[in-house]
$ cat upload13.cif   # mmCIF, C-alpha atoms
data_final
loop_
_atom_site.label_atom_id
_atom_site.label_comp_id
_atom_site.auth_asym_id
_atom_site.auth_seq_id
_atom_site.Cartn_x
_atom_site.Cartn_y
_atom_site.Cartn_z
CA MET A 1 32.58 -7.55 -30.58
CA ILE A 2 32.36 -3.74 -30.34
CA ILE A 3 31.08 -1.80 -33.32
CA GLU A 4 33.02 1.40 -33.83
CA GLY A 5 31.31 4.44 -32.38
CA PHE A 6 29.02 2.44 -30.12
CA PRO A 7 30.67 1.26 -26.86
CA MET A 8 29.18 -1.95 -25.50
CA ASN A 9 27.44 -1.85 -22.15
CA LEU A 10 30.16 -2.53 -19.53
CA GLN A 11 28.37 -5.50 -18.00
CA LYS A 12 27.62 -6.97 -21.41
CA ARG A 13 31.29 -6.69 -22.32
CA LYS A 14 32.30 -8.61 -19.19
CA ASP A 15 29.61 -11.23 -19.81
CA ARG A 16 30.64 -11.59 -23.47
CA GLU A 17 34.27 -12.15 -22.44
CA GLU A 18 33.20 -14.72 -19.83
CA LEU A 19 30.96 -16.40 -22.40
CA ASP A 20 33.86 -16.68 -24.84
CA LYS A 21 35.90 -18.44 -22.14
CA ARG A 22 33.19 -20.93 -21.16
CA ILE A 23 31.65 -21.98 -24.49
CA PRO A 24 34.73 -23.95 -25.66
CA ARG A 25 34.36 -26.14 -22.54
CA MET A 26 30.88 -27.20 -23.65
CA PRO A 27 29.96 -30.14 -25.94
CA TRP A 28 29.59 -29.25 -29.63
CA TYR A 29 25.80 -29.51 -29.54
CA ILE A 30 25.52 -26.92 -26.74
CA GLU A 31 27.79 -24.59 -28.69
CA LYS A 32 25.46 -25.09 -31.65
CA PHE A 33 22.48 -24.19 -29.45
CA MET A 34 24.28 -21.04 -28.22
CA ASN A 35 24.84 -19.92 -31.82
CA TYR A 36 21.15 -20.53 -32.51
CA LYS A 37 20.16 -18.35 -29.52
CA LEU A 38 22.76 -15.64 -30.11
CA PRO A 39 20.62 -13.27 -32.24
CA ASP A 40 17.79 -13.25 -29.69
CA LEU A 41 19.48 -13.12 -26.30
CA SER A 42 21.98 -10.86 -24.59
CA PRO A 43 25.41 -12.15 -23.46
CA SER A 44 24.14 -12.01 -19.86
CA SER A 45 21.22 -14.34 -20.66
CA LEU A 46 23.43 -16.73 -22.63
CA LEU A 47 25.88 -16.84 -19.75
CA GLU A 48 23.07 -17.94 -17.44
CA TYR A 49 22.31 -20.78 -19.86
CA ILE A 50 25.96 -21.86 -19.86
CA ARG A 51 26.12 -21.86 -16.05
CA ASP A 52 23.00 -24.00 -15.90
CA TYR A 53 24.47 -26.49 -18.39
CA GLU A 54 27.76 -26.61 -16.47
CA ALA A 55 25.86 -27.57 -13.31
CA PHE A 56 23.94 -30.27 -15.19
CA LEU A 57 26.93 -31.78 -17.00
CA SER A 58 29.03 -31.77 -13.83
CA TRP A 59 26.22 -33.63 -12.07
CA LEU A 60 26.00 -36.20 -14.90
CA MET A 61 29.71 -36.92 -14.53
CA ALA A 62 29.58 -37.10 -10.72
CA GLU A 63 26.63 -39.52 -10.86
CA GLY A 64 28.29 -41.79 -13.41
CA LEU A 65 25.55 -41.16 -15.99
CA THR A 66 28.24 -40.52 -18.59
CA THR A 67 31.66 -42.03 -19.16
CA ALA A 68 33.03 -38.70 -20.41
CA ASP A 69 36.01 -37.33 -18.50
CA THR A 70 35.27 -33.68 -19.35
CA MET A 71 32.08 -31.72 -19.99
CA SER A 72 33.02 -31.10 -23.62
CA ASN A 73 33.12 -34.86 -24.26
CA VAL A 74 29.62 -35.72 -22.97
CA PRO A 75 27.95 -37.34 -26.02
CA LEU A 76 24.39 -36.77 -27.19
CA GLU A 77 23.63 -40.44 -26.67
CA ASP A 78 24.02 -40.01 -22.90
CA LEU A 79 21.24 -37.39 -22.96
CA GLU A 80 18.99 -39.78 -24.89
CA ARG A 81 19.45 -42.50 -22.28
CA LEU A 82 18.32 -40.35 -19.34
CA HIS A 83 15.27 -41.58 -17.40
CA MET A 84 12.72 -39.44 -15.59
CA ASP A 85 14.24 -40.75 -12.36
CA SER A 86 17.49 -39.06 -13.36
CA VAL A 87 15.75 -35.73 -13.92
CA ASP A 88 14.00 -36.05 -10.56
CA ASN A 89 17.33 -36.83 -8.92
CA PHE A 90 18.90 -33.76 -10.53
CA ARG A 91 16.03 -31.64 -9.24
CA MET A 92 16.56 -33.12 -5.77
CA PHE A 93 20.30 -32.45 -6.01
CA LEU A 94 19.65 -28.77 -6.75
CA ALA A 95 17.17 -28.49 -3.89
CA THR A 96 19.50 -30.03 -1.31
CA LYS A 97 22.82 -28.40 -2.21
CA ARG A 98 24.73 -27.56 0.95
CA ASP A 99 25.25 -23.90 0.09
CA ASN A 100 21.47 -23.54 -0.31
CA ALA A 101 22.07 -21.30 -3.33
CA ASN A 102 19.20 -22.75 -5.34
CA THR A 103 15.83 -21.24 -4.56
CA ARG A 104 12.66 -22.60 -6.17
CA THR A 105 12.96 -19.88 -8.79
CA THR A 106 16.58 -20.84 -9.57
CA ILE A 107 15.71 -24.55 -9.82
CA SER A 108 12.83 -23.78 -12.19
CA ARG A 109 15.15 -21.67 -14.33
CA LYS A 110 17.78 -24.43 -14.56
CA LEU A 111 15.15 -26.99 -15.58
CA SER A 112 13.71 -24.52 -18.07
CA SER A 113 17.21 -24.06 -19.56
CA LEU A 114 17.44 -27.83 -20.03
CA ARG A 115 13.98 -27.96 -21.62
CA SER A 116 15.07 -25.31 -24.13
CA LEU A 117 18.23 -27.21 -25.02
CA PHE A 118 16.50 -30.59 -25.37
CA HIS A 119 13.67 -29.05 -27.42
CA TYR A 120 16.17 -27.49 -29.81
CA LEU A 121 18.10 -30.73 -30.20
CA SER A 122 14.99 -32.87 -30.75
CA GLN A 123 12.73 -30.51 -32.70
CA ILE A 124 14.88 -27.95 -34.52
CA ALA A 125 18.49 -29.07 -35.07
CA GLU A 126 19.11 -31.70 -37.77
CA ASP A 127 21.93 -33.98 -38.81
CA GLU A 128 23.20 -34.33 -42.38
CA ASN A 129 20.32 -36.73 -43.17
CA PHE A 130 17.67 -34.29 -41.88
CA TYR A 131 16.98 -36.35 -38.76
CA PRO A 132 16.71 -34.69 -35.32
CA LEU A 133 20.00 -34.59 -33.43
CA LEU A 134 18.29 -35.92 -30.30
CA LYS A 135 16.05 -38.95 -30.90
CA ARG A 136 14.46 -39.04 -27.44
CA ASN A 137 13.64 -36.00 -25.31
CA VAL A 138 13.13 -36.86 -21.64
CA MET A 139 12.74 -33.16 -20.74
CA ALA A 140 9.50 -33.00 -22.76
CA LYS A 141 7.89 -34.87 -19.85
CA VAL A 142 9.08 -32.31 -17.30
CA SER A 143 6.70 -29.51 -16.41
CA VAL A 144 8.30 -26.33 -15.13
CA LYS A 145 5.75 -24.41 -13.12
CA ARG A 146 5.90 -20.66 -12.74
CA THR A 147 7.15 -20.25 -9.19
CA GLN A 148 5.37 -17.00 -8.44
CA LYS A 149 2.31 -15.39 -9.97
CA PRO A 150 2.03 -11.61 -10.44
CA LYS A 151 -0.62 -11.49 -7.71
CA ASP A 152 1.74 -13.21 -5.25
CA THR A 153 4.58 -10.82 -6.09
CA ALA A 154 2.25 -7.87 -5.61
CA ALA A 155 1.16 -9.21 -2.22
CA LYS A 156 4.79 -9.34 -1.06
CA LEU A 157 5.36 -5.74 -2.16
CA GLU A 158 2.28 -4.29 -0.46
CA GLY A 159 3.23 -1.72 2.16
CA LYS A 160 6.88 -1.75 1.08
CA LEU A 161 6.77 0.89 -1.64
CA LEU A 162 6.66 4.67 -1.67
CA GLN A 163 3.24 6.05 -2.51
CA GLU A 164 2.06 9.46 -3.68
CA GLN A 165 3.51 12.15 -1.36
CA GLU A 166 6.12 9.75 0.05
CA ILE A 167 7.99 9.88 -3.26
CA ILE A 168 8.56 13.62 -2.85
CA GLU A 169 9.22 13.25 0.88
CA PHE A 170 11.98 10.67 0.38
CA ILE A 171 13.82 12.85 -2.16
CA ASN A 172 13.55 15.87 0.16
CA TYR A 173 14.73 13.77 3.08
CA ILE A 174 17.98 13.01 1.24
CA LYS A 175 18.45 16.68 0.37
CA GLN A 176 17.76 18.11 3.82
CA ASP A 177 16.45 16.06 6.74
CA TYR A 178 19.04 13.27 6.68
CA ALA A 179 21.65 15.79 7.90
CA HIS A 180 19.62 16.43 11.08
CA ASP A 181 19.39 12.69 11.81
CA VAL A 182 23.17 12.18 11.63
CA ALA A 183 24.20 15.51 13.15
CA ALA A 184 26.32 13.78 15.82
CA ASN A 185 28.34 11.84 13.23
CA LYS A 186 30.95 14.12 11.64
CA GLN A 187 31.96 11.59 8.99
CA ALA A 188 28.33 11.02 7.94
CA ILE A 189 27.74 14.78 7.80
CA TYR A 190 30.83 15.31 5.63
CA SER A 191 29.85 12.50 3.24
CA HIS A 192 26.29 13.78 2.99
CA GLU A 193 27.36 17.35 2.29
CA LEU A 194 29.65 16.06 -0.44
CA ASN A 195 27.13 13.77 -2.14
CA LYS A 196 23.58 14.91 -1.29
CA ILE A 197 22.95 16.55 -4.67
CA ARG A 198 24.19 13.48 -6.56
CA ASP A 199 22.34 11.05 -4.28
CA SER A 200 19.03 12.90 -4.45
CA CYS A 201 19.41 13.12 -8.24
CA ILE A 202 19.91 9.36 -8.54
CA VAL A 203 16.87 8.59 -6.38
CA SER A 204 14.79 11.23 -8.19
CA LEU A 205 15.73 9.76 -11.57
CA ILE A 206 14.71 6.23 -10.55
CA LEU A 207 11.45 7.44 -8.98
CA ASN A 208 10.65 9.43 -12.11
CA SER A 209 11.68 6.92 -14.79
CA GLY A 210 11.74 3.41 -13.32
CA LEU A 211 15.30 2.70 -14.47
CA ARG A 212 17.02 -0.48 -13.35
CA VAL A 213 20.21 0.03 -11.31
CA SER A 214 22.28 -1.55 -14.13
CA GLU A 215 20.81 0.94 -16.61
CA LEU A 216 21.53 3.82 -14.25
CA VAL A 217 25.14 2.75 -13.68
CA ASN A 218 25.84 2.58 -17.42
CA LEU A 219 24.39 6.01 -18.22
CA ASN A 220 26.79 8.47 -19.84
CA ILE A 221 26.50 12.27 -19.93
CA ASP A 222 25.44 12.29 -23.57
CA ASP A 223 22.65 9.79 -22.85
CA THR A 224 20.40 12.59 -21.53
CA ASP A 225 18.02 14.65 -23.66
CA PHE A 226 16.40 17.40 -21.58
CA LYS A 227 14.31 18.77 -24.43
CA LYS A 228 12.54 15.45 -25.04
CA ARG A 229 13.01 14.26 -21.43
CA LEU A 230 14.62 11.02 -22.57
CA LEU A 231 17.44 8.84 -21.30
CA TYR A 232 19.15 6.46 -23.73
CA VAL A 233 19.99 3.15 -22.10
CA PHE A 234 21.12 -0.37 -22.96
CA ARG A 235 18.10 -2.43 -21.93
CA LYS A 236 18.32 -5.78 -20.20
CA GLY A 237 17.72 -8.76 -22.49
CA LYS A 238 18.38 -6.90 -25.75
CA ASN A 239 21.26 -8.27 -27.74
CA ASP A 240 21.78 -5.25 -29.99
CA ASP A 241 24.77 -3.39 -28.60
CA THR A 242 24.69 -0.67 -31.26
CA PHE A 243 21.43 1.04 -30.29
CA LYS A 244 20.23 2.36 -26.99
CA THR A 245 16.57 2.43 -25.99
CA PRO A 246 14.98 5.83 -25.24
CA VAL A 247 13.36 5.89 -21.79
CA TYR A 248 11.08 8.73 -20.69
CA PHE A 249 11.65 10.61 -17.42
CA ARG A 250 9.24 12.98 -15.71
CA GLN A 251 9.65 16.74 -15.48
CA ASP A 252 10.05 16.39 -11.69
CA ALA A 253 13.53 14.92 -12.23
CA VAL A 254 14.77 17.78 -14.43
CA PRO A 255 15.78 20.26 -11.65
CA ASP A 256 17.61 17.52 -9.73
CA LEU A 257 19.47 16.41 -12.85
CA GLU A 258 20.38 19.97 -13.82
CA GLN A 259 21.64 20.73 -10.32
CA TYR A 260 23.84 17.64 -10.31
CA LEU A 261 25.25 18.25 -13.80
CA ALA A 262 26.15 21.81 -12.81
CA GLN A 263 28.54 20.47 -10.17
CA ARG A 264 29.56 17.09 -11.63
CA ASP A 265 32.87 18.08 -13.27
CA THR A 266 34.28 20.28 -10.52
CA HIS A 267 32.76 18.52 -7.50
CA TYR A 268 33.97 15.05 -8.52
CA LYS A 269 37.12 16.21 -10.35
CA ALA A 270 36.01 14.37 -13.47
CA PRO A 271 38.78 13.64 -15.99
CA LYS A 272 37.92 14.62 -19.57
CA LYS A 273 37.87 11.01 -20.73
CA GLU A 274 35.28 9.99 -18.10
CA LYS A 275 31.86 9.90 -19.77
CA ALA A 276 29.89 8.30 -16.91
CA LEU A 277 26.94 10.38 -15.72
CA PHE A 278 27.19 9.46 -12.04
CA LEU A 279 30.60 9.65 -10.41
CA ALA A 280 32.22 8.89 -7.07
CA ILE A 281 35.72 9.48 -5.77
CA ALA A 282 37.02 6.20 -4.40
CA ASN A 283 39.20 6.09 -1.29
CA GLY A 284 42.76 7.02 -2.12
CA LYS A 285 41.80 8.44 -5.53
CA LYS A 286 41.93 12.07 -6.63
CA GLU A 287 39.57 11.85 -9.60
CA GLY A 288 36.00 10.68 -9.94
CA SER A 289 35.03 7.50 -11.78
CA ARG A 290 31.81 5.69 -12.64
CA MET A 291 29.73 4.73 -9.59
CA THR A 292 29.29 1.01 -9.08
CA LYS A 293 26.00 -0.85 -8.77
CA ARG A 294 26.90 -1.82 -5.21
CA ALA A 295 27.62 1.79 -4.23
CA ILE A 296 24.20 2.92 -5.47
CA GLN A 297 22.43 0.05 -3.72
CA GLU A 298 24.17 0.78 -0.41
CA MET A 299 23.47 4.50 -0.76
CA VAL A 300 19.74 3.93 -1.17
CA MET A 301 19.62 1.54 1.80
CA LYS A 302 21.49 4.04 3.98
CA TYR A 303 18.87 6.74 3.44
CA ALA A 304 15.95 4.30 3.52
CA LYS A 305 16.92 3.03 6.97
CA ARG A 306 17.01 6.55 8.44
CA PHE A 307 13.81 7.44 6.60
CA GLY A 308 12.02 4.70 8.53
CA LYS A 309 11.60 2.31 5.57
CA PRO A 310 14.55 -0.12 5.93
CA TYR A 311 13.02 -2.53 3.39
CA LEU A 312 13.41 0.00 0.56
CA SER A 313 15.93 -0.89 -2.15
CA VAL A 314 16.78 0.40 -5.61
CA HIS A 315 14.45 -2.19 -7.11
CA LYS A 316 11.61 -1.18 -4.79
CA LEU A 317 12.10 2.43 -5.91
CA ARG A 318 11.58 1.14 -9.46
CA HIS A 319 8.44 -0.68 -8.28
CA SER A 320 7.27 2.53 -6.60
CA PHE A 321 7.57 4.45 -9.87
CA ALA A 322 5.88 1.66 -11.83
CA THR A 323 2.89 1.52 -9.49
CA ASP A 324 2.45 5.28 -9.65
CA TYR A 325 2.95 5.32 -13.45
CA TYR A 326 0.44 2.52 -14.01
CA LEU A 327 -2.27 4.55 -12.25
CA SER A 328 -2.16 7.01 -15.17
CA ASN A 329 -1.28 4.63 -18.02
CA ASP A 330 -2.21 1.22 -19.39
CA LEU A 331 -0.44 -2.13 -19.08
CA TYR A 332 1.43 -1.90 -22.38
CA LYS A 333 2.72 1.65 -21.85
CA THR A 334 3.98 0.57 -18.43
CA GLN A 335 5.59 -2.53 -19.95
CA GLU A 336 7.39 -0.39 -22.53
CA GLN A 337 8.51 2.18 -19.96
CA LEU A 338 10.00 -0.50 -17.69
CA GLY A 339 11.47 -2.62 -20.48
CA HIS A 340 9.66 -5.82 -19.49
CA ALA A 341 9.90 -8.65 -22.03
CA SER A 342 6.40 -9.88 -21.19
CA PRO A 343 3.20 -8.08 -20.12
CA GLU A 344 2.76 -10.83 -17.53
CA THR A 345 5.62 -9.33 -15.52
CA THR A 346 3.93 -5.93 -15.64
CA GLN A 347 0.66 -7.35 -14.30
CA ILE A 348 1.93 -7.10 -10.72
CA TYR A 349 1.22 -3.36 -10.92
CA ALA A 350 -2.42 -4.03 -11.82
CA HIS A 351 -2.75 -5.86 -8.50
CA LEU A 352 -0.75 -3.22 -6.62
CA THR A 353 -2.76 -0.31 -8.02
CA ASP A 354 -6.05 -1.96 -7.08
CA LYS A 355 -4.88 -1.84 -3.47
CA THR A 356 -3.42 1.65 -3.83
CA MET A 357 -6.61 3.11 -5.31
CA ALA A 358 -8.73 1.51 -2.59
CA GLU A 359 -6.50 3.02 0.12
CA ALA A 360 -6.63 6.44 -1.57
CA ILE A 361 -10.45 6.33 -1.65
CA ASP A 362 -10.52 5.40 2.04
CA ARG A 363 -8.24 8.35 2.87
CA ARG A 364 -10.48 10.76 0.98
CA LYS A 365 -13.50 9.49 2.92
CA GLU A 366 -11.69 10.07 6.21
CA ASP A 367 -10.68 13.59 5.18
CA SER A 368 -14.20 14.58 4.07
#
$ encode --input "upload13.cif" --output "structure tokens"
Amino acid sequence: MIIEGFPMNLQKRKDREELDKRIPRMPWYIEKFMNYKLPDLSPSSLLEYIRDYEAFLSWLMAEGLTTADTMSNVPLEDLERLHMDSVDNFRMFLATKRDNANTRTTISRKLSSLRSLFHYLSQIAEDENFYPLLKRNVMAKVSVKRTQKPKDTAAKLEGKLLQEQEIIEFINYIKQDYAHDVAANKQAIYSHELNKIRDSCIVSLILNSGLRVSELVNLNIDDTDFKKRLLYVFRKGKNDDTFKTPVYFRQDAVPDLEQYLAQRDTHYKAPKKEKALFLAIANGKKEGSRMTKRAIQEMVMKYAKRFGKPYLSVHKLRHSFATDYYLSNDLYKTQEQLGHASPETTQIYAHLTDKTMAEAIDRRKEDS
């Protein structure tokens, strides 16, 4: 549903459409659970739930643990009859899938999705006689461990982020020095000359705001407020498609943004109806259109490789901002700036900044 005057986030619209296609294939009790979750979760999150339940129901049918011929016909009673052995076998099935698509994190998420469903059916939902819909909850016995602690995540990121002066150096590299490194490649030179102002603006904005790539892609021209230094974005995990969240950006990004906006319309031949902030002209096209997430990710990796930090990605630029921001702010301000649902996620920057501050002190000692 789109409320007049407030266009839904593009990705959310696609996810909502996909959700509408998949929900009718689910049993009635899962559809009931989806309606229960609808006010609290975004279409993207609900779609992840549905995919997890599809995998589980398909497995039940393949293993002969239900006589249903379609997922929508799997009865509640078949869930009540599940043994712990069945849950362990499902976990093993996920871990040994041939395409190896299920990491430990993915497996934990799928089991967590099942725990949420079974909890709802056994503790919250009621039949007409006020009895729980599910009489026996096998998933209550299943513990889903957090696969990675903030300290572990921080350890993996150490040495892979931009720190202090490197943030400025990387932006300047895109503006100027990259051209020297690809001087022998005429096509690379042409592309860089065409896009260097846009590319450096994108990187500057991430490094001075901590935006996610999905938030950046969905930005429109009228989502910028230079006076207050705010960007208005649809935040991940929020189900309200009528209001955008204001996100602060540093003064350092203002010149880059102004320079890009000064050339956006003419440089990328933007049609009047195109409201996207960041544009690209696709091969074979004469007019600019909204940049894709993939294009931005590949652009960052292209510069990062030449800069001598091939492990840099859009998300690591966000981590770089967050680490730097946390040095001057507290946990909860950083959580709000990044749009984290839980302060636990933000705690990785506490561990990263401990290391960063120690290294900075060591450098000062060497310089003195």
$ closest_residue --input "upload13.cif" --among "A:Tyr178, A:Tyr49, A:Tyr36, A:Phe226" --to "Arg22 (chain A)" --atoms "only C-alpha atoms"
A:Tyr49
$ resolve_selection --input "upload13.cif" --expression "the PyMOL selection byres ((chain A and resi 336) around 12)" --output "list in words"
Ser209, Gly210, Leu211, Arg235, Thr245, Pro246, Val247, Tyr248, Ala322, Tyr325, Tyr326, Asn329, Asp330, Leu331, Tyr332, Lys333, Thr334, Gln335, Gln337, Leu338, Gly339, His340, Ala341, Ser342, Pro343, Thr345 and Thr346 of chain A
$ axis_aligned_box --input "upload13.cif" --around "region 300-308 of chain A" --padding-each-side "8 Å" --output "AutoDock Vina command-line options"
--center_x 16.8 --center_y 4.5 --center_z 3.7 --size_x 25.5 --size_y 21.9 --size_z 25.7
$ atom_distance --input "upload13.cif" --atom1 "CA of Glu17 (chain A)" --atom2 "CA of Lys32 (chain A)"
18.2 Å
$ residues_near_point --input "upload13.cif" --point "(3.8, 1.8, -7.7)" --cutoff "7 Å" --atoms "all atoms listed in the file" --output "list of chain:residue names"
A:Leu161, A:Gln163, A:His319, A:Ser320, A:Phe321, A:Ala322, A:Thr323, A:Asp324, A:Tyr325, A:Tyr349, A:Leu352, A:Thr353
$ residues_around --input "upload13.cif" --residues "Lys227 (chain A)" --least-positions-apart "6" --cutoff "12 Å" --atoms "all atoms listed in the file" --output "tab-separated table (two decimals) with C-alpha atoms, in the coordinates of the input"
chain	number	residue	atom	x	y	z
A	248	TYR	CA	11.08	8.73	-20.69
A	249	PHE	CA	11.65	10.61	-17.42
A	250	ARG	CA	9.24	12.98	-15.71
A	251	GLN	CA	9.65	16.74	-15.48
A	254	VAL	CA	14.77	17.78	-14.43
$ closest_residue --input "upload13.cif" --among "A:Arg91, A:His267, A:Arg212, A:Arg198" --to "Arg104 (chain A)" --atoms "all atoms listed in the file"
A:Arg91
$ closest_residue --input "upload13.cif" --among "A:Leu317, A:Met291, A:Ala183, A:Ala155" --to "Leu205 (chain A)" --atoms "all atoms listed in the file"
A:Leu317
$ atom_distance --input "upload13.cif" --atom1 "CA of Val233 (chain A)" --atom2 "CA of Ser328 (chain A)"
23.5 Å
$ residues_around --input "upload13.cif" --residues "Glu274 (chain A)" --least-positions-apart "4" --cutoff "8 Å" --atoms "all atoms listed in the file" --output "count of residues only"
3
$ closest_residue --input "upload13.cif" --among "A:Glu48, A:Glu158, A:Glu128, A:Asp85" --to "Arg109 (chain A)" --atoms "all atoms listed in the file"
A:Glu48
$ atom_distance --input "upload13.cif" --atom1 "CA of Val300 (chain A)" --atom2 "CA of Val314 (chain A)"
6.4 Å
$ closest_residue --input "upload13.cif" --among "A:Ala140, A:Ile107, A:Met61, A:Met301" --to "Gln123 (chain A)" --atoms "all atoms listed in the file"
A:Ala140
$ closest_residue --input "upload13.cif" --among "A:Leu207, A:Leu46, A:Met139, A:Leu230" --to "Glu166 (chain A)" --atoms "all atoms listed in the file"
A:Leu207
